[in-house]
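Chemist: Input structure: entry_33.json, which contains JSON, C-alpha atoms.
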```json
[["chain", "number", "residue", "atom", "x", "y", "z"],
["A", 197, "ASP", "CA", 27.60, -0.75, 11.34],
["A", 198, "PHE", "CA", 27.79, 3.03, 12.05],
["A", 199, "GLY", "CA", 24.25, 3.46, 10.70],
["A", 200, "LEU", "CA", 25.31, 2.58, 7.16],
["A", 201, "ARG", "CA", 23.22, -0.58, 6.74],
["A", 202, "SER", "CA", 20.46, 1.30, 4.89],
["A", 203, "LEU", "CA", 23.02, 2.96, 2.63],
["A", 204, "VAL", "CA", 24.49, -0.43, 1.72],
["A", 205, "LEU", "CA", 20.99, -1.75, 0.93],
["A", 206, "VAL", "CA", 20.31, 1.22, -1.36],
["A", 207, "LEU", "CA", 23.64, 0.79, -3.14],
["A", 208, "ARG", "CA", 23.07, -2.95, -3.65],
["A", 209, "ARG", "CA", 19.54, -2.30, -4.91],
["A", 210, "ALA", "CA", 20.79, 0.39, -7.30],
["A", 211, "ALA", "CA", 23.55, -1.91, -8.59],
["A", 212, "ALA", "CA", 21.03, -4.69, -9.21],
["A", 213, "GLY", "CA", 18.79, -2.20, -11.02],
["A", 214, "ARG", "CA", 21.70, -1.04, -13.15],
["A", 215, "PHE", "CA", 22.52, -4.61, -14.20],
["A", 216, "ALA", "CA", 18.85, -5.44, -14.84],
["A", 217, "GLU", "CA", 18.21, -2.34, -16.95],
["A", 218, "PRO", "CA", 21.52, -0.91, -18.24],
["A", 219, "LYS", "CA", 19.85, 1.68, -20.50],
["A", 220, "GLU", "CA", 17.76, 3.21, -17.68],
["A", 221, "ALA", "CA", 18.74, 6.70, -16.47],
["A", 222, "GLU", "CA", 20.89, 6.70, -13.34],
["A", 223, "GLN", "CA", 18.59, 9.13, -11.55],
["A", 224, "THR", "CA", 15.62, 6.81, -12.11],
["A", 225, "ILE", "CA", 17.60, 3.82, -10.81],
["A", 226, "VAL", "CA", 18.66, 5.69, -7.66],
["A", 227, "VAL", "CA", 15.11, 6.95, -7.00],
["A", 228, "ARG", "CA", 13.75, 3.42, -7.50],
["A", 229, "ALA", "CA", 16.36, 1.96, -5.13],
["A", 230, "LEU", "CA", 15.65, 4.55, -2.44],
["A", 231, "ARG", "CA", 11.93, 3.95, -2.79],
["A", 232, "GLU", "CA", 12.15, 0.17, -2.69],
["A", 233, "VAL", "CA", 14.40, 0.09, 0.35],
["A", 234, "ASN", "CA", 12.51, 2.67, 2.40],
["A", 235, "ILE", "CA", 8.80, 2.64, 1.49],
["A", 236, "GLY", "CA", 8.07, -0.66, 3.24],
["A", 237, "MET", "CA", 9.40, 0.67, 6.54],
["A", 238, "LEU", "CA", 7.46, 3.93, 6.55],
["A", 239, "THR", "CA", 4.18, 4.65, 8.29],
["A", 240, "ILE", "CA", 1.24, 6.20, 6.46],
["A", 241, "ASP", "CA", 2.12, 9.60, 7.94],
["A", 242, "ASP", "CA", 5.78, 9.34, 6.85],
["A", 243, "HIS", "CA", 5.06, 8.45, 3.21],
["A", 244, "PRO", "CA", 4.22, 12.03, 2.09],
["A", 245, "LEU", "CA", 7.32, 13.31, 3.91],
["A", 246, "PHE", "CA", 9.48, 10.78, 2.07],
["A", 247, "VAL", "CA", 7.95, 11.72, -1.28],
["A", 248, "GLY", "CA", 8.55, 15.39, -0.51],
["A", 249, "LEU", "CA", 12.19, 14.72, 0.40],
["A", 250, "MET", "CA", 12.69, 12.76, -2.81],
["A", 251, "HIS", "CA", 11.28, 15.64, -4.86],
["A", 252, "ASP", "CA", 13.61, 18.03, -3.01],
["A", 253, "PHE", "CA", 16.67, 15.81, -3.61],
["A", 254, "PHE", "CA", 15.81, 15.11, -7.24],
["A", 255, "PRO", "CA", 14.02, 18.22, -8.57],
["A", 256, "GLY", "CA", 12.52, 17.61, -11.99],
["A", 257, "GLY", "CA", 13.36, 13.91, -11.64],
["A", 258, "PRO", "CA", 11.09, 10.89, -11.92],
["A", 259, "ASN", "CA", 7.91, 10.66, -9.86],
["A", 260, "VAL", "CA", 8.71, 8.55, -6.81],
["A", 261, "ASP", "CA", 5.37, 6.74, -6.85],
["A", 262, "LYS", "CA", 5.56, 5.91, -10.57],
["A", 263, "VAL", "CA", 9.06, 4.40, -10.71],
["A", 264, "GLU", "CA", 8.61, 0.63, -10.99],
["A", 265, "GLN", "CA", 10.32, -2.34, -12.58],
["A", 266, "PRO", "CA", 8.14, -3.57, -15.46],
["A", 267, "ALA", "CA", 8.84, -7.27, -14.76],
["A", 268, "ARG", "CA", 7.76, -6.91, -11.11],
["A", 269, "VAL", "CA", 4.61, -5.00, -12.06],
["A", 270, "GLU", "CA", 3.63, -7.77, -14.50],
["A", 271, "ALA", "CA", 4.36, -10.53, -11.96],
["A", 272, "LEU", "CA", 2.27, -8.73, -9.32],
["A", 273, "ARG", "CA", -0.59, -8.32, -11.80],
["A", 274, "GLU", "CA", -0.51, -12.04, -12.67],
["A", 275, "ALA", "CA", -0.47, -13.06, -9.01],
["A", 276, "THR", "CA", -3.39, -10.81, -8.05],
["A", 277, "GLU", "CA", -5.39, -12.04, -11.05],
["A", 278, "PHE", "CA", -4.65, -15.67, -10.10],
["A", 279, "PHE", "CA", -6.06, -15.10, -6.60],
["A", 280, "LYS", "CA", -8.90, -12.97, -8.04],
["A", 281, "LEU", "CA", -7.77, -9.94, -6.06],
["A", 282, "ASP", "CA", -7.62, -7.49, -8.95],
["A", 283, "GLY", "CA", -10.22, -4.84, -8.42],
["A", 284, "GLU", "CA", -10.69, -1.12, -8.40],
["A", 285, "SER", "CA", -12.04, -0.77, -4.86],
["A", 286, "ILE", "CA", -10.00, 1.19, -2.34],
["A", 287, "MET", "CA", -9.30, -1.97, -0.33],
["A", 288, "ALA", "CA", -8.06, -3.86, -3.42],
["A", 289, "VAL", "CA", -5.78, -0.98, -4.41],
["A", 290, "ARG", "CA", -4.37, -0.64, -0.87],
["A", 291, "TRP", "CA", -3.90, -4.41, -0.62],
["A", 292, "ALA", "CA", -2.03, -4.44, -3.94],
["A", 293, "GLU", "CA", 0.19, -1.61, -2.70],
["A", 294, "LYS", "CA", 1.00, -3.57, 0.48],
["A", 295, "LEU", "CA", 1.76, -6.64, -1.65],
["A", 296, "LYS", "CA", 4.13, -4.57, -3.79],
["A", 297, "MET", "CA", 5.87, -3.35, -0.61],
["A", 298, "LEU", "CA", 6.16, -6.91, 0.69],
["A", 299, "VAL", "CA", 7.66, -8.25, -2.54],
["A", 300, "THR", "CA", 10.22, -5.43, -2.78],
["A", 301, "THR", "CA", 11.10, -5.83, 0.90],
["A", 302, "LEU", "CA", 11.66, -9.57, 0.41],
["A", 303, "GLU", "CA", 14.24, -8.82, -2.26],
["A", 304, "HIS", "CA", 16.66, -7.33, 0.27],
["A", 305, "ARG", "CA", 15.57, -8.61, 3.69],
["A", 306, "GLN", "CA", 16.16, -12.08, 5.08],
["A", 307, "CYS", "CA", 13.33, -12.14, 7.57],
["A", 308, "ILE", "CA", 9.99, -10.38, 7.85],
["A", 309, "ALA", "CA", 6.88, -10.76, 9.95],
["A", 310, "LEU", "CA", 3.34, -10.32, 8.66],
["A", 311, "VAL", "CA", 1.24, -9.10, 11.55],
["A", 312, "GLY", "CA", -2.43, -8.21, 11.55],
["A", 313, "PRO", "CA", -5.86, -9.10, 12.87],
["A", 314, "THR", "CA", -7.70, -12.29, 11.98],
["A", 315, "LEU", "CA", -9.02, -12.44, 8.40],
["A", 316, "SER", "CA", -6.96, -9.44, 7.29],
["A", 317, "GLY", "CA", -5.39, -11.35, 4.38],
["A", 318, "LYS", "CA", -1.97, -12.28, 5.79],
["A", 319, "SER", "CA", -2.00, -15.86, 4.44],
["A", 320, "THR", "CA", -3.29, -14.75, 1.03],
["A", 321, "MET", "CA", -0.66, -12.00, 0.96],
["A", 322, "LEU", "CA", 2.00, -14.62, 1.68],
["A", 323, "GLU", "CA", 0.75, -16.94, -1.09],
["A", 324, "CYS", "CA", 0.53, -14.04, -3.54],
["A", 325, "ALA", "CA", 4.06, -12.85, -2.67],
["A", 326, "MET", "CA", 5.42, -16.38, -3.11],
["A", 327, "ARG", "CA", 3.78, -16.70, -6.51],
["A", 328, "THR", "CA", 5.20, -13.31, -7.56],
["A", 329, "ARG", "CA", 8.71, -14.27, -6.45],
["A", 330, "VAL", "CA", 8.55, -17.56, -8.39],
["A", 331, "THR", "CA", 7.33, -15.68, -11.49],
["A", 332, "LEU", "CA", 10.32, -13.33, -11.15],
["A", 333, "GLY", "CA", 12.66, -16.33, -11.23],
["A", 334, "GLY", "CA", 13.23, -17.14, -7.58],
["A", 335, "ASN", "CA", 13.76, -20.53, -5.94],
["A", 336, "LYS", "CA", 10.96, -22.95, -5.18],
["A", 337, "LYS", "CA", 8.92, -21.75, -2.19],
["A", 338, "VAL", "CA", 7.93, -24.00, 0.70],
["A", 339, "VAL", "CA", 5.81, -22.94, 3.65],
["A", 340, "TYR", "CA", 6.04, -24.76, 6.95],
["A", 341, "ARG", "CA", 2.96, -23.90, 8.99],
["A", 342, "MET", "CA", 2.35, -24.48, 12.66],
["A", 343, "ASN", "CA", 0.05, -23.12, 15.31],
["A", 344, "PRO", "CA", 2.25, -21.86, 18.15],
["A", 345, "LYS", "CA", -0.70, -21.52, 20.51],
["A", 346, "ALA", "CA", -1.40, -25.27, 20.29],
["A", 347, "LEU", "CA", 1.99, -26.17, 21.80],
["A", 348, "SER", "CA", 3.59, -25.46, 25.13],
["A", 349, "PRO", "CA", 6.81, -23.40, 25.06],
["A", 350, "GLU", "CA", 8.81, -26.58, 25.72],
["A", 351, "GLN", "CA", 7.15, -28.40, 22.81],
["A", 352, "LEU", "CA", 7.60, -25.38, 20.55],
["A", 353, "PHE", "CA", 11.22, -24.40, 21.30],
["A", 354, "GLY", "CA", 12.67, -27.45, 23.05],
["A", 355, "MET", "CA", 13.87, -28.21, 26.55],
["A", 356, "LEU", "CA", 16.61, -29.84, 28.56],
["A", 357, "ASP", "CA", 15.56, -33.33, 29.67],
["A", 358, "PRO", "CA", 16.12, -33.37, 33.46],
["A", 359, "ALA", "CA", 16.71, -37.15, 33.57],
["A", 360, "THR", "CA", 19.37, -37.42, 30.85],
["A", 361, "SER", "CA", 20.55, -33.80, 30.53],
["A", 362, "ASP", "CA", 20.01, -34.09, 26.77],
["A", 363, "TRP", "CA", 18.43, -31.38, 24.70],
["A", 364, "VAL", "CA", 15.01, -32.34, 23.31],
["A", 365, "GLU", "CA", 14.35, -30.30, 20.20],
["A", 366, "GLY", "CA", 11.00, -28.56, 19.85],
["A", 367, "GLY", "CA", 8.77, -28.30, 16.79],
["A", 368, "PHE", "CA", 9.81, -24.77, 15.82],
["A", 369, "SER", "CA", 13.53, -25.40, 16.19],
["A", 370, "ALA", "CA", 13.27, -28.68, 14.22],
["A", 371, "THR", "CA", 11.39, -26.92, 11.42],
["A", 372, "TRP", "CA", 13.90, -24.06, 11.45],
["A", 373, "ARG", "CA", 16.78, -26.56, 11.17],
["A", 374, "LYS", "CA", 15.09, -28.32, 8.23],
["A", 375, "ALA", "CA", 14.47, -25.01, 6.45],
["A", 376, "CYS", "CA", 18.10, -23.92, 6.91],
["A", 377, "ARG", "CA", 19.40, -27.23, 5.59],
["A", 378, "LEU", "CA", 17.45, -26.78, 2.34],
["A", 379, "ALA", "CA", 18.18, -23.05, 1.98],
["A", 380, "LEU", "CA", 20.30, -23.47, -1.17],
["A", 381, "TYR", "CA", 17.50, -25.21, -3.08],
["A", 382, "GLN", "CA", 14.35, -23.51, -1.87],
["A", 383, "ASP", "CA", 13.09, -20.45, -0.06],
["A", 384, "SER", "CA", 11.51, -21.59, 3.17],
["A", 385, "TRP", "CA", 8.81, -19.65, 4.93],
["A", 386, "LEU", "CA", 7.83, -20.46, 8.50],
["A", 387, "GLY", "CA", 4.20, -19.59, 9.09],
["A", 388, "LEU", "CA", 3.15, -19.34, 12.72],
["A", 389, "ASP", "CA", -0.53, -19.07, 12.01]]
```
Could you render the structure as structure tokens?

Modeler:
Amino acid sequence: DFGLRSLVLVLRRAAAGRFAEPKEAEQTIVVRALREVNIGMLTIDDHPLFVGLMHDFFPGGPNVDKVEQPARVEALREATEFFKLDGESIMAVRWAEKLKMLVTTLEHRQCIALVGPTLSGKSTMLECAMRTRVTLGGNKKVVYRMNPKALSPEQLFGMLDPATSDWVEGGFSATWRKACRLALYQDSWLGLD
């Protein structure tokens, strides 16, 4: 792809923003697209560097941290209120920021992984993101959950039966196949929890 995959994502995001809000200034749409595509992939240390670069590229332009889509902001607010996660504490604000990053990342990525320690809010984050996506007009969301540590690798992924030389499908591959079959009608999430 010659390193142009990120550029294509930004252009697609900007085009979608232009169609969603045709009266919005082009500079604001481009800044929003750059932010949405890149912020979720940055580390805490890289975020200020990115903001500084954006201010250098767009002097006098919109504030990178304040450029948001009103519909997404409202959907995120409704989802956090539904799960009673709306608060003013530092943890609630940081959690809401991570949720915003997850939702924007899901708009242009096909696969993500939520990784973190036990009781860090991964499952609640997933539920909240699903609710936000449905509010924004997405497909029905279905989560297939399984505990990968409860199954052997053969039970999880499948194996070749030595007696018949037939492939015996595992739980994960069967669930993946089911999710792919219904991909036109619903968004399927595989939770290995």

Chemist: At a cut-off of 9 Å, using only C-alpha atoms, what residues contact range 298-312 of chain A? Leave out same-chain residues fewer than 5 positions from it and give the result as an MDAnalysis selection string.

Modeler: chainID A and resid 205 208:209 232:237 268 272 293 317:319 321:322 325:326 328:329

Chemist: Show me, as a list of chain:residue names, the residues that have an atom within 12 Å of Glu277 in chain A when counting only C-alpha atoms, minus same-chain residues fewer than 3 positions from it.

Modeler: A:Glu270, A:Ala271, A:Leu272, A:Arg273, A:Glu274, A:Lys280, A:Leu281, A:Asp282, A:Gly283, A:Ala288, A:Ala292, A:Cys324, A:Arg327, A:Thr328

Chemist: Please provide the set of residues having any atom within 8 Å of Pro344 in chain A, restricted to all atoms listed in the file, with same-chain residues fewer than 6 positions apart removed, written as a PDB file with C-alpha atoms, in the frame of the given file.

Modeler:
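So the final result, stored in around_23.pdb, reads:
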```pdb
ATOM      1  CA  LEU A 352       7.600 -25.380  20.550  1.00  0.00           C
ATOM      2  CA  LEU A 388       3.150 -19.340  12.720  1.00  0.00           C
ATOM      3  CA  ASP A 389      -0.530 -19.070  12.010  1.00  0.00           C
TER       4      ASP A 389
END
```

Chemist: State, in Å with one decimal place, the distance from CA of Glu365 in chain A to CA of Lys337 in chain A.

Modeler: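 Computed distance, CA of Glu365 in chain A to CA of Lys337 in chain A, equals 24.6 Å.
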
Chemist: Could you work out how far CA of Val339 in chain A lies from CA of Trp385 in chain A, giving the answer in Å with one decimal?

Modeler: 4.6 Å

Chemist: So, counting all atoms listed in the file, which residue among A:Pro266, A:Pro255, A:Gly333, A:Pro313 is closest to Glu217 in chain A?

Modeler: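 For Glu217 in chain A, the nearest of the candidates is A:Pro266.
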
Chemist: Which residues are close to Asn343 in chain A, i.e. within 12 Å by only C-alpha atoms, leaving aside same-chain residues fewer than 5 positions away? Reply as a ChimeraX atom specification.

Modeler: /A:348-349,351-352,367-368,386-389

Chemist: Ranking A:Val269, A:Asp241, A:Pro258, A:Glu350 by minimum distance to Val364 in chain A and counting only C-alpha atoms, which one comes first?

Modeler: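 Using only C-alpha atoms, Val364 in chain A sits closest to A:Glu350.
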
Chemist: Write out as JSON an axis-aligned box for range 203-221 of chain A: all of its atoms listed in the file, 4 Å added on each side, centre and edge lengths in Å with one decimal.

Modeler:
```
{"center_x": 21.1, "center_y": 0.6, "center_z": -8.9, "size_x": 14.7, "size_y": 20.1, "size_z": 31.1}
```

Chemist: What gap, in Å, lies between CA of Gln382 in chain A and CA of Val330 in chain A?

Modeler: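 So the answer is 10.6 Å.
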